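Below is one structure; the comments refer to it alone.
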Protein chains: 2
Amino acid sequence: MQTTFPSLSDIQAAHDRIQPFIHRTPILSSSAINEIAGCEIFFKCENFQKVGAFKARGAANAVMKLSKSQKAKGVATHSSGNHAAALARAARVAGIPAYIVMPSNAPEIKKKAVKGYGGEIIECEPNLKARETTLESVVEKTGATFIPPYDFMDVIEGQATCALELIEDQADLDIILAPVGGGGLLGGTALTTHYLNSNIEVIAAEPQGADDAFQSFHAGKIIPQTGPNTIADGLLTSLGVLNYELIKEYISDILLATDPQIIEAMRLIYERMKIVIEPSCAVPLAALLANQDRFRGKKVGIILSGGNVDLGKLPF
Amino acid sequence: MQTTFPSLSDIQAAHDRIQPFIHRTPILSSSAINEIAGCEIFFKCENFQKVGAFKARGAANAVMKLSKSQKAKGVATHSSGNHAAALARAARVAGIPAYIVMPSNAPEIKKKAVKGYGGEIIECEPNLKARETTLESVVEKTGATFIPPYDFMDVIEGQATCALELIEDQADLDIILAPVGGGGLLGGTALTTHYLNSNIEVIAAEPQGADDAFQSFHAGKIIPQTGPNTIADGLLTSLGVLNYELIKEYISDILLATDPQIIEAMRLIYERMKIVIEPSCAVPLAALLANQDRFRGKKVGIILSGGNVDLGKLPF
């Protein structure tokens, strides 16, 4: 069976739907970084997004699309990252409950964010099986709708609105670079870019220590991530099924960056642009700087995915 | 003798003069910080300014106003902070030499910034007397024009352009808060605000550990700073003479903030706004939060003065 992905008008409708609840984030440039990189970079600053990450888009879209009876019973997910906070916030905006299954060892700051948005945290053992069975029992008990973090059409459709704004504001790009973890942002970006201007190349950036998308892209099938080891803690998950289909079809390449390269790019962004980003967010610039010839003289859009970082643990 | 300060049209002319060489910095808000503060805050982000600080304005204005024969001989100053980098950059833009006297113990990163802009560093013993005599001999040898960091009309006129943009972009402010060190930014802000809308109160914010402006304001005469002790390392200097006259005339109050309050405000700005600022830059928000009743329900402009901070030494 052929999967049907959102059309351009679906993505535009998603943008209209979530617009009251998200920021239209700015696009920033740095002449100093352009000089170092040898190309012209336009940073789409989703670190300034609500909840500090692009995840606010997909979660808002998925929640707003629920039927009235679904909304009445709330939403649920398992996540220890930005999706947890994003879903809790989207639910609060919609005035419905959010049940967030989190591993008992999740950082206190992440739990605090979810609670701050009024989400109800259900703790479980820190392993995937416990997360899944706990989520199942929460869904069974509450009747809440499970909103997965990336392998879910309405979430992908929401993340796709980020590239919509980027290309609207900066039409003459040659390349768009986005990070890849589960592939929600990357898949949505690839889809929107394909519709709006298929001459713009979409390239993924992935940490070398969690390179399942790279492996999958080259093997022609999904190869799950095992034992990820990278500072880019937002990109540890395996590629989703829907996301893999989009990536296979619409992106031209996946470039890798090592942790030292990621840290160096992160420092450049802090020092030269004076903005706070999380390590995962620096992966596209790191990959660009590790492959400068490929980008020389081009106009490159980079999606800065988020800014939720423990300031006490910066790697410099 | 009455001092003649720049008129509004002088300040507007300064803005036209330096506009090609500076950023029109954005004004950002944070609903989370507004909620905590109990008022509506508009942050004028001079941390995004060229050289990472408002100092780019005054230095550019002073350099551009030099005569052709003065320009030919270059400019000189003694500074270990943002003025040093700002003057070196302004000189490079104008294609003239900059001689920067710096104490031998100035941080490597500050020296690097000056060198990066093509400034020539002349090292001296780390005390004010050595700085002054070394500067004198540099000026004598080169014929360069001394551009002081704050107690200088063309510099004040340049710093005054910051409030011009702030009030143009956000006309309905009740209060503007600016930090005070030497008083260049504060003096210029007070002057512009007086001209454009004297109903807007201008309030200064100063670290308790370097409170000479507070002491001077209340004593009715300049009381020099001795033994400053604060994390806000951009605000250690004594108030200038010209700056004191402006402050006496045009500001309504000076509020103090302790170092723990400054660090807490700094953390709030990093965490909630996802932007990088230097400690001095957090003093106005810290002073506001320490005096919340005074600001409740008001529209407050805060000038974020700069973002040049050693990332390896953040206080959290």
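As shown in the structure tokens, the chain order sets the letters A, B, ...; within each chain, residues go from 1, and ligands are also counted from 1 in the order they appear.
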- Message: Quick one: residues within 12 Å of His194 of chain A, only C-alpha atoms, excluding same-chain residues fewer than 4 positions away - as a list of chain:residue names?
- Response: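 Here the qualifying residues turn out to be A:Pro6, A:Ser7, A:Leu8, A:Ala160, A:Ala163, A:Leu164, A:Ile167, A:Ile175, A:Ile176, A:Gly187, A:Gly188, A:Thr189, A:Ala190, A:Ser198, A:Asn199, A:Ile200, A:Glu201, A:Val202, A:Leu246, A:Ile247, A:Glu249, A:Tyr250, A:Ile251, A:Ser252.
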Checklist entry - Glu35 of chain B: which residues within 12 Å, counting only C-alpha atoms, same-chain residues fewer than 3 positions away excluded, as a VMD selection string? => result chain B and resid 29 to 32 38 to 41 272 289 292 296 to 297
Only N, CA and C atoms, please: the residues just picked out, written as a short mmCIF file (atom, residue, chain, number, x, y, z; two decimals), in the first residue's frame.
data_model
loop_
_atom_site.label_atom_id
_atom_site.label_comp_id
_atom_site.auth_asym_id
_atom_site.auth_seq_id
_atom_site.Cartn_x
_atom_site.Cartn_y
_atom_site.Cartn_z
N SER B 29 11.06 39.89 23.27
CA SER B 29 10.29 39.77 24.50
C SER B 29 10.17 38.31 24.87
N SER B 30 9.90 38.04 26.12
CA SER B 30 9.69 36.67 26.58
C SER B 30 8.46 36.65 27.47
N SER B 31 7.45 35.90 27.04
CA SER B 31 6.23 35.84 27.85
C SER B 31 6.53 35.23 29.22
N ALA B 32 7.46 34.29 29.27
CA ALA B 32 7.82 33.67 30.55
C ALA B 32 8.44 34.69 31.50
N GLY B 38 6.02 40.46 36.17
CA GLY B 38 4.79 41.21 36.42
C GLY B 38 4.69 42.50 35.63
N CYS B 39 5.44 42.58 34.55
CA CYS B 39 5.35 43.74 33.66
C CYS B 39 5.75 43.28 32.25
N GLU B 40 5.66 44.22 31.29
CA GLU B 40 5.95 43.84 29.91
C GLU B 40 7.31 44.42 29.53
N ILE B 41 8.26 43.55 29.22
CA ILE B 41 9.63 44.00 28.99
C ILE B 41 10.01 43.88 27.52
N ARG B 272 15.38 31.41 29.24
CA ARG B 272 14.07 31.73 28.68
C ARG B 272 14.17 32.38 27.32
N LEU B 289 13.79 43.03 38.92
CA LEU B 289 13.20 41.94 39.71
C LEU B 289 13.34 42.19 41.21
N GLN B 292 10.15 44.90 42.07
CA GLN B 292 9.03 44.59 41.17
C GLN B 292 7.84 45.54 41.32
N ARG B 296 5.33 47.19 38.20
CA ARG B 296 4.17 46.32 37.95
C ARG B 296 3.21 46.92 36.91
N GLY B 297 2.93 46.09 35.89
CA GLY B 297 1.97 46.49 34.86
C GLY B 297 2.51 47.48 33.83
#
Pick out the closest residue to Leu28 of chain A from this set: A:His15, A:Lys274, A:Lys55, A:Arg267. Count only C-alpha atoms.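 The shortest atom-to-atom distance to Leu28 of chain A comes from A:Lys274.
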For this session: Just list the residues in segment 1-159 of chain A DSSP gives helix (DSSP H, G or I) on the backbone, as a ChimeraX atom specification.
Result: /A:8-21,31-37,46-48,50-52,55-64,68-73,82-94,108-116,128-142,153-159
Neighbours of chain A in chain B at 6 Å, counting only C-alpha atoms, as an NGL selection string = :B and (274-276 or 312 or 316)
With C-alpha atoms retained, export the selected residues as a PDB file, in the first residue's frame.
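Listed below is the output, result_10.pdb:
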ATOM      1  CA  LYS B 274      18.056  31.586  24.525  1.00  0.00           C
ATOM      2  CA  ILE B 275      20.491  34.426  24.048  1.00  0.00           C
ATOM      3  CA  VAL B 276      24.061  34.937  25.235  1.00  0.00           C
ATOM      4  CA  GLY B 312      34.157  28.651  29.936  1.00  0.00           C
ATOM      5  CA  PHE B 316      26.182  28.564  36.498  1.00  0.00           C
TER       6      PHE B 316
END
Q.
Considering only strand (DSSP E) as DSSP defines it on the backbone, what residues of segment 64-242 of chain B qualify? List them as a ChimeraX atom specification.
A. /B:75-78,98-103,120-124,145-146,175-179,201-207
Segment 284-287 of chain B environment, 6 Å, only C-alpha atoms, sequence neighbours closer than 2 positions dropped, as a PyMOL selection string: chain B and resi 177+179+205+255-257+261-262+265+282+289-290
Restrict the selected residues to all heavy atoms and save them as a compact mmCIF listing (two decimals), in the first residue's frame.
# COMPACT_ATOMS: atom_id res chain seq x y z
N LEU B 177 15.26 51.14 31.19
CA LEU B 177 16.31 50.76 32.14
C LEU B 177 17.60 50.52 31.38
O LEU B 177 17.62 49.73 30.42
CB LEU B 177 15.92 49.44 32.82
CG LEU B 177 15.20 49.47 34.16
CD1 LEU B 177 14.77 48.06 34.52
CD2 LEU B 177 16.10 50.04 35.24
N PRO B 179 22.05 49.91 32.04
CA PRO B 179 23.10 49.74 33.05
C PRO B 179 24.01 50.97 33.07
O PRO B 179 24.10 51.70 32.09
CB PRO B 179 23.88 48.52 32.53
CG PRO B 179 23.65 48.51 31.06
CD PRO B 179 22.29 49.11 30.83
N ALA B 205 20.58 51.07 36.27
CA ALA B 205 20.79 49.87 37.09
C ALA B 205 22.29 49.69 37.27
O ALA B 205 23.06 49.77 36.32
CB ALA B 205 20.18 48.66 36.40
N LEU B 255 18.90 52.11 40.55
CA LEU B 255 18.58 50.93 41.36
C LEU B 255 19.78 49.99 41.39
O LEU B 255 20.50 49.84 40.39
CB LEU B 255 17.36 50.20 40.78
CG LEU B 255 16.07 51.03 40.70
CD1 LEU B 255 14.97 50.23 40.00
CD2 LEU B 255 15.62 51.48 42.09
N LEU B 256 19.97 49.33 42.53
CA LEU B 256 21.12 48.45 42.68
C LEU B 256 20.71 46.98 42.59
O LEU B 256 19.58 46.61 42.90
CB LEU B 256 21.79 48.71 44.03
CG LEU B 256 22.35 50.12 44.22
CD1 LEU B 256 22.93 50.27 45.63
CD2 LEU B 256 23.41 50.45 43.17
N ALA B 257 21.66 46.15 42.20
CA ALA B 257 21.45 44.70 42.20
C ALA B 257 22.68 44.02 42.76
O ALA B 257 23.82 44.42 42.47
CB ALA B 257 21.18 44.20 40.78
N GLN B 261 21.69 38.33 42.58
CA GLN B 261 20.55 38.77 41.76
C GLN B 261 20.94 38.90 40.29
O GLN B 261 20.17 38.56 39.40
CB GLN B 261 20.02 40.12 42.28
CG GLN B 261 19.31 40.00 43.63
CD GLN B 261 19.05 41.34 44.29
OE1 GLN B 261 19.70 42.35 44.00
NE2 GLN B 261 18.09 41.36 45.22
N ILE B 262 22.15 39.38 40.04
CA ILE B 262 22.64 39.54 38.67
C ILE B 262 22.76 38.16 38.00
O ILE B 262 22.35 37.96 36.85
CB ILE B 262 24.00 40.29 38.65
CG1 ILE B 262 23.80 41.74 39.13
CG2 ILE B 262 24.62 40.26 37.26
CD1 ILE B 262 25.10 42.48 39.44
N ALA B 265 19.32 36.73 37.19
CA ALA B 265 18.73 37.40 36.02
C ALA B 265 19.42 36.93 34.74
O ALA B 265 18.78 36.73 33.70
CB ALA B 265 18.85 38.92 36.16
N ALA B 282 22.97 41.81 32.51
CA ALA B 282 21.83 41.29 33.27
C ALA B 282 21.45 42.22 34.42
O ALA B 282 20.44 42.00 35.09
CB ALA B 282 22.18 39.90 33.82
N LEU B 289 13.79 43.03 38.92
CA LEU B 289 13.20 41.94 39.71
C LEU B 289 13.34 42.19 41.21
O LEU B 289 12.55 41.70 42.01
CB LEU B 289 13.84 40.60 39.32
CG LEU B 289 13.52 40.11 37.90
CD1 LEU B 289 14.31 38.86 37.56
CD2 LEU B 289 12.02 39.87 37.71
N ALA B 290 14.36 42.98 41.58
CA ALA B 290 14.53 43.31 43.00
C ALA B 290 13.61 44.46 43.44
O ALA B 290 13.55 44.79 44.62
CB ALA B 290 15.99 43.70 43.26
Residue with the minimum atom-to-atom distance to Tyr99 of chain A, picked from A:Leu191, A:Ala219, A:Ala144, A:Ala56 with only C-alpha atoms counted, is A:Ala144
Computed interatomic separation between atom CA of Glu140 of chain B and atom CA of Glu157 of chain B (Å)
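Here the two named atoms are 26.5 Å from each other.
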key: Å distance separating atom CA of Cys281 of chain A from atom CA of Ser305 of chain A, one decimal place   =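 These atoms are spaced 5.2 Å apart.
Pairwise distance (atom CA of Asp172 of chain A, atom CA of Thr25 of chain A) equals 18.4 Å.
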Might you pull out every residue within 12 Å of Asn127 of chain B, with only C-alpha atoms counted and same-chain residues fewer than 3 positions away left off, and present them as a PDB file with all heavy atoms, in the first residue's frame?
ATOM      1  N   HIS B  78      42.942  53.689  25.607  1.00  0.00           N
ATOM      2  CA  HIS B  78      43.332  52.610  26.522  1.00  0.00           C
ATOM      3  C   HIS B  78      42.067  51.961  27.043  1.00  0.00           C
ATOM      4  O   HIS B  78      41.130  52.638  27.464  1.00  0.00           O
ATOM      5  CB  HIS B  78      44.235  53.091  27.661  1.00  0.00           C
ATOM      6  CG  HIS B  78      43.640  54.122  28.567  1.00  0.00           C
ATOM      7  ND1 HIS B  78      42.851  53.796  29.641  1.00  0.00           N
ATOM      8  CD2 HIS B  78      43.725  55.471  28.542  1.00  0.00           C
ATOM      9  CE1 HIS B  78      42.489  54.914  30.253  1.00  0.00           C
ATOM     10  NE2 HIS B  78      42.986  55.941  29.604  1.00  0.00           N
ATOM     11  N   SER B  79      42.009  50.657  26.921  1.00  0.00           N
ATOM     12  CA  SER B  79      40.816  49.906  27.297  1.00  0.00           C
ATOM     13  C   SER B  79      41.162  48.432  27.276  1.00  0.00           C
ATOM     14  O   SER B  79      41.983  47.986  26.485  1.00  0.00           O
ATOM     15  CB  SER B  79      39.688  50.173  26.292  1.00  0.00           C
ATOM     16  OG  SER B  79      38.681  49.188  26.385  1.00  0.00           O
ATOM     17  N   SER B  80      40.547  47.690  28.178  1.00  0.00           N
ATOM     18  CA  SER B  80      40.719  46.246  28.068  1.00  0.00           C
ATOM     19  C   SER B  80      39.370  45.602  27.771  1.00  0.00           C
ATOM     20  O   SER B  80      39.222  44.397  27.849  1.00  0.00           O
ATOM     21  CB  SER B  80      41.288  45.679  29.362  1.00  0.00           C
ATOM     22  OG  SER B  80      40.462  46.052  30.433  1.00  0.00           O
ATOM     23  N   VAL B 101      46.050  50.723  23.837  1.00  0.00           N
ATOM     24  CA  VAL B 101      46.879  50.451  25.012  1.00  0.00           C
ATOM     25  C   VAL B 101      46.117  49.500  25.927  1.00  0.00           C
ATOM     26  O   VAL B 101      44.987  49.788  26.335  1.00  0.00           O
ATOM     27  CB  VAL B 101      47.219  51.755  25.762  1.00  0.00           C
ATOM     28  CG1 VAL B 101      47.975  51.451  27.045  1.00  0.00           C
ATOM     29  CG2 VAL B 101      48.022  52.686  24.849  1.00  0.00           C
ATOM     30  N   MET B 102      46.717  48.341  26.201  1.00  0.00           N
ATOM     31  CA  MET B 102      46.058  47.347  27.046  1.00  0.00           C
ATOM     32  C   MET B 102      46.993  46.912  28.155  1.00  0.00           C
ATOM     33  O   MET B 102      48.187  46.748  27.931  1.00  0.00           O
ATOM     34  CB  MET B 102      45.675  46.113  26.219  1.00  0.00           C
ATOM     35  CG  MET B 102      44.606  46.366  25.176  1.00  0.00           C
ATOM     36  SD  MET B 102      44.122  44.838  24.289  1.00  0.00           S
ATOM     37  CE  MET B 102      42.568  44.472  25.069  1.00  0.00           C
ATOM     38  N   PRO B 103      46.454  46.693  29.367  1.00  0.00           N
ATOM     39  CA  PRO B 103      47.301  46.178  30.450  1.00  0.00           C
ATOM     40  C   PRO B 103      47.825  44.790  30.070  1.00  0.00           C
ATOM     41  O   PRO B 103      47.133  44.020  29.399  1.00  0.00           O
ATOM     42  CB  PRO B 103      46.348  46.102  31.643  1.00  0.00           C
ATOM     43  CG  PRO B 103      44.970  46.152  31.068  1.00  0.00           C
ATOM     44  CD  PRO B 103      45.064  46.885  29.776  1.00  0.00           C
ATOM     45  N   SER B 104      49.034  44.500  30.510  1.00  0.00           N
ATOM     46  CA  SER B 104      49.683  43.241  30.117  1.00  0.00           C
ATOM     47  C   SER B 104      48.886  42.022  30.584  1.00  0.00           C
ATOM     48  O   SER B 104      48.999  40.952  30.006  1.00  0.00           O
ATOM     49  CB  SER B 104      51.104  43.190  30.691  1.00  0.00           C
ATOM     50  OG  SER B 104      51.054  43.477  32.087  1.00  0.00           O
ATOM     51  N   ASN B 105      48.059  42.201  31.619  1.00  0.00           N
ATOM     52  CA  ASN B 105      47.286  41.056  32.122  1.00  0.00           C
ATOM     53  C   ASN B 105      45.864  40.984  31.535  1.00  0.00           C
ATOM     54  O   ASN B 105      45.024  40.255  32.038  1.00  0.00           O
ATOM     55  CB  ASN B 105      47.218  41.100  33.656  1.00  0.00           C
ATOM     56  CG  ASN B 105      46.494  42.350  34.150  1.00  0.00           C
ATOM     57  OD1 ASN B 105      46.176  43.234  33.351  1.00  0.00           O
ATOM     58  ND2 ASN B 105      46.258  42.422  35.449  1.00  0.00           N
ATOM     59  N   ALA B 106      45.599  41.735  30.463  1.00  0.00           N
ATOM     60  CA  ALA B 106      44.262  41.685  29.842  1.00  0.00           C
ATOM     61  C   ALA B 106      44.009  40.273  29.313  1.00  0.00           C
ATOM     62  O   ALA B 106      44.942  39.607  28.851  1.00  0.00           O
ATOM     63  CB  ALA B 106      44.173  42.702  28.707  1.00  0.00           C
ATOM     64  N   GLU B 123      51.205  47.095  24.943  1.00  0.00           N
ATOM     65  CA  GLU B 123      51.001  46.641  26.314  1.00  0.00           C
ATOM     66  C   GLU B 123      51.628  47.585  27.331  1.00  0.00           C
ATOM     67  O   GLU B 123      52.616  48.249  27.042  1.00  0.00           O
ATOM     68  CB  GLU B 123      51.580  45.234  26.493  1.00  0.00           C
ATOM     69  CG  GLU B 123      50.744  44.207  25.767  1.00  0.00           C
ATOM     70  CD  GLU B 123      50.984  42.782  26.274  1.00  0.00           C
ATOM     71  OE1 GLU B 123      51.771  42.595  27.221  1.00  0.00           O
ATOM     72  OE2 GLU B 123      50.366  41.870  25.708  1.00  0.00           O
ATOM     73  N   CYS B 124      51.020  47.632  28.510  1.00  0.00           N
ATOM     74  CA  CYS B 124      51.582  48.444  29.590  1.00  0.00           C
ATOM     75  C   CYS B 124      51.353  47.741  30.923  1.00  0.00           C
ATOM     76  O   CYS B 124      50.651  46.740  30.993  1.00  0.00           O
ATOM     77  CB  CYS B 124      50.936  49.834  29.605  1.00  0.00           C
ATOM     78  SG  CYS B 124      49.210  49.801  30.110  1.00  0.00           S
ATOM     79  N   ALA B 130      50.016  53.808  34.405  1.00  0.00           N
ATOM     80  CA  ALA B 130      50.773  53.278  33.269  1.00  0.00           C
ATOM     81  C   ALA B 130      49.943  53.372  31.986  1.00  0.00           C
ATOM     82  O   ALA B 130      50.467  53.667  30.906  1.00  0.00           O
ATOM     83  CB  ALA B 130      51.163  51.820  33.538  1.00  0.00           C
ATOM     84  N   ARG B 131      48.644  53.115  32.104  1.00  0.00           N
ATOM     85  CA  ARG B 131      47.781  53.184  30.929  1.00  0.00           C
ATOM     86  C   ARG B 131      47.773  54.599  30.364  1.00  0.00           C
ATOM     87  O   ARG B 131      47.897  54.803  29.156  1.00  0.00           O
ATOM     88  CB  ARG B 131      46.356  52.747  31.289  1.00  0.00           C
ATOM     89  CG  ARG B 131      46.232  51.232  31.421  1.00  0.00           C
ATOM     90  CD  ARG B 131      44.972  50.806  32.137  1.00  0.00           C
ATOM     91  NE  ARG B 131      43.772  51.111  31.362  1.00  0.00           N
ATOM     92  CZ  ARG B 131      42.648  50.384  31.420  1.00  0.00           C
ATOM     93  NH1 ARG B 131      42.576  49.313  32.195  1.00  0.00           N
ATOM     94  NH2 ARG B 131      41.594  50.729  30.722  1.00  0.00           N
ATOM     95  N   GLU B 132      47.672  55.571  31.279  1.00  0.00           N
ATOM     96  CA  GLU B 132      47.595  56.964  30.829  1.00  0.00           C
ATOM     97  C   GLU B 132      48.909  57.460  30.231  1.00  0.00           C
ATOM     98  O   GLU B 132      48.906  58.079  29.172  1.00  0.00           O
ATOM     99  CB  GLU B 132      47.148  57.855  31.998  1.00  0.00           C
ATOM    100  CG  GLU B 132      45.661  57.666  32.304  1.00  0.00           C
ATOM    101  CD  GLU B 132      45.194  58.432  33.544  1.00  0.00           C
ATOM    102  OE1 GLU B 132      46.062  58.948  34.300  1.00  0.00           O
ATOM    103  OE2 GLU B 132      43.972  58.491  33.746  1.00  0.00           O
ATOM    104  N   THR B 133      50.001  57.121  30.884  1.00  0.00           N
ATOM    105  CA  THR B 133      51.286  57.607  30.347  1.00  0.00           C
ATOM    106  C   THR B 133      51.645  56.889  29.048  1.00  0.00           C
ATOM    107  O   THR B 133      52.180  57.501  28.122  1.00  0.00           O
ATOM    108  CB  THR B 133      52.438  57.442  31.368  1.00  0.00           C
ATOM    109  OG1 THR B 133      52.499  56.069  31.747  1.00  0.00           O
ATOM    110  CG2 THR B 133      52.228  58.296  32.606  1.00  0.00           C
ATOM    111  N   THR B 134      51.318  55.606  28.966  1.00  0.00           N
ATOM    112  CA  THR B 134      51.595  54.883  27.727  1.00  0.00           C
ATOM    113  C   THR B 134      50.753  55.460  26.590  1.00  0.00           C
ATOM    114  O   THR B 134      51.245  55.668  25.471  1.00  0.00           O
ATOM    115  CB  THR B 134      51.286  53.372  27.893  1.00  0.00           C
ATOM    116  OG1 THR B 134      51.970  52.888  29.044  1.00  0.00           O
ATOM    117  CG2 THR B 134      51.725  52.586  26.671  1.00  0.00           C
TER     118      THR B 134
END
Which residues are close to Thr161 of chain A, i.e. within 12 Å by only C-alpha atoms, leaving aside same-chain residues fewer than 4 positions away? Reply as a count of residues only. 47
Query raised in the report: Which residue, A:Gly209, A:Ile109, A:Tyr244, A:Ala171, has the smallest gap to Asn229 of chain A when you use only C-alpha atoms?
Result: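 Ranking A:Gly209, A:Ile109, A:Tyr244, A:Ala171 by distance to Asn229 of chain A, first place goes to A:Gly209.
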Practice task
Just the residues within 6 Å of Ala88 of chain A, please, counting only C-alpha atoms, with nothing from its chain fewer than 2 positions along; format it as a PyMOL selection string.
Solution key: chain A and resi 85-86+90-91+98+114+117+119
Could those residues be written to a file, using all heavy atoms, as an mmCIF file, in the first residue's frame?
data_model
loop_
_atom_site.group_PDB
_atom_site.id
_atom_site.type_symbol
_atom_site.label_atom_id
_atom_site.label_comp_id
_atom_site.auth_asym_id
_atom_site.auth_seq_id
_atom_site.Cartn_x
_atom_site.Cartn_y
_atom_site.Cartn_z
ATOM 1 N N ALA A 85 7.710 18.159 26.553
ATOM 2 C CA ALA A 85 7.322 19.523 26.911
ATOM 3 C C ALA A 85 6.396 20.113 25.854
ATOM 4 O O ALA A 85 5.424 20.803 26.172
ATOM 5 C CB ALA A 85 8.568 20.395 27.070
ATOM 6 N N ALA A 86 6.694 19.825 24.595
ATOM 7 C CA ALA A 86 5.893 20.389 23.502
ATOM 8 C C ALA A 86 4.463 19.856 23.556
ATOM 9 O O ALA A 86 3.504 20.608 23.361
ATOM 10 C CB ALA A 86 6.533 20.062 22.157
ATOM 11 N N ALA A 90 1.091 22.015 24.206
ATOM 12 C CA ALA A 90 0.009 22.022 23.211
ATOM 13 C C ALA A 90 -1.305 21.625 23.877
ATOM 14 O O ALA A 90 -2.360 22.198 23.595
ATOM 15 C CB ALA A 90 0.350 21.078 22.064
ATOM 16 N N ALA A 91 -1.231 20.649 24.786
ATOM 17 C CA ALA A 91 -2.435 20.205 25.498
ATOM 18 C C ALA A 91 -2.963 21.330 26.392
ATOM 19 O O ALA A 91 -4.169 21.565 26.455
ATOM 20 C CB ALA A 91 -2.124 18.958 26.318
ATOM 21 N N ALA A 98 -2.594 16.090 29.454
ATOM 22 C CA ALA A 98 -1.465 15.430 28.784
ATOM 23 C C ALA A 98 -0.818 14.470 29.772
ATOM 24 O O ALA A 98 -0.483 14.870 30.895
ATOM 25 C CB ALA A 98 -0.449 16.463 28.310
ATOM 26 N N VAL A 114 7.860 19.795 31.848
ATOM 27 C CA VAL A 114 6.561 19.152 31.608
ATOM 28 C C VAL A 114 5.549 19.588 32.665
ATOM 29 O O VAL A 114 4.417 19.974 32.350
ATOM 30 C CB VAL A 114 6.709 17.613 31.587
ATOM 31 C CG1 VAL A 114 5.341 16.936 31.628
ATOM 32 C CG2 VAL A 114 7.494 17.171 30.354
ATOM 33 N N TYR A 117 4.158 23.062 32.264
ATOM 34 C CA TYR A 117 3.084 23.197 31.282
ATOM 35 C C TYR A 117 1.832 22.416 31.708
ATOM 36 O O TYR A 117 0.920 22.218 30.912
ATOM 37 C CB TYR A 117 3.548 22.742 29.894
ATOM 38 C CG TYR A 117 4.600 23.632 29.286
ATOM 39 C CD1 TYR A 117 5.887 23.164 29.033
ATOM 40 C CD2 TYR A 117 4.313 24.957 28.970
ATOM 41 C CE1 TYR A 117 6.861 23.992 28.484
ATOM 42 C CE2 TYR A 117 5.275 25.790 28.421
ATOM 43 C CZ TYR A 117 6.542 25.295 28.182
ATOM 44 O OH TYR A 117 7.503 26.124 27.636
ATOM 45 N N GLY A 119 1.549 19.218 32.486
ATOM 46 C CA GLY A 119 1.491 17.806 32.087
ATOM 47 C C GLY A 119 1.546 16.894 33.303
ATOM 48 O O GLY A 119 2.158 17.239 34.323
#
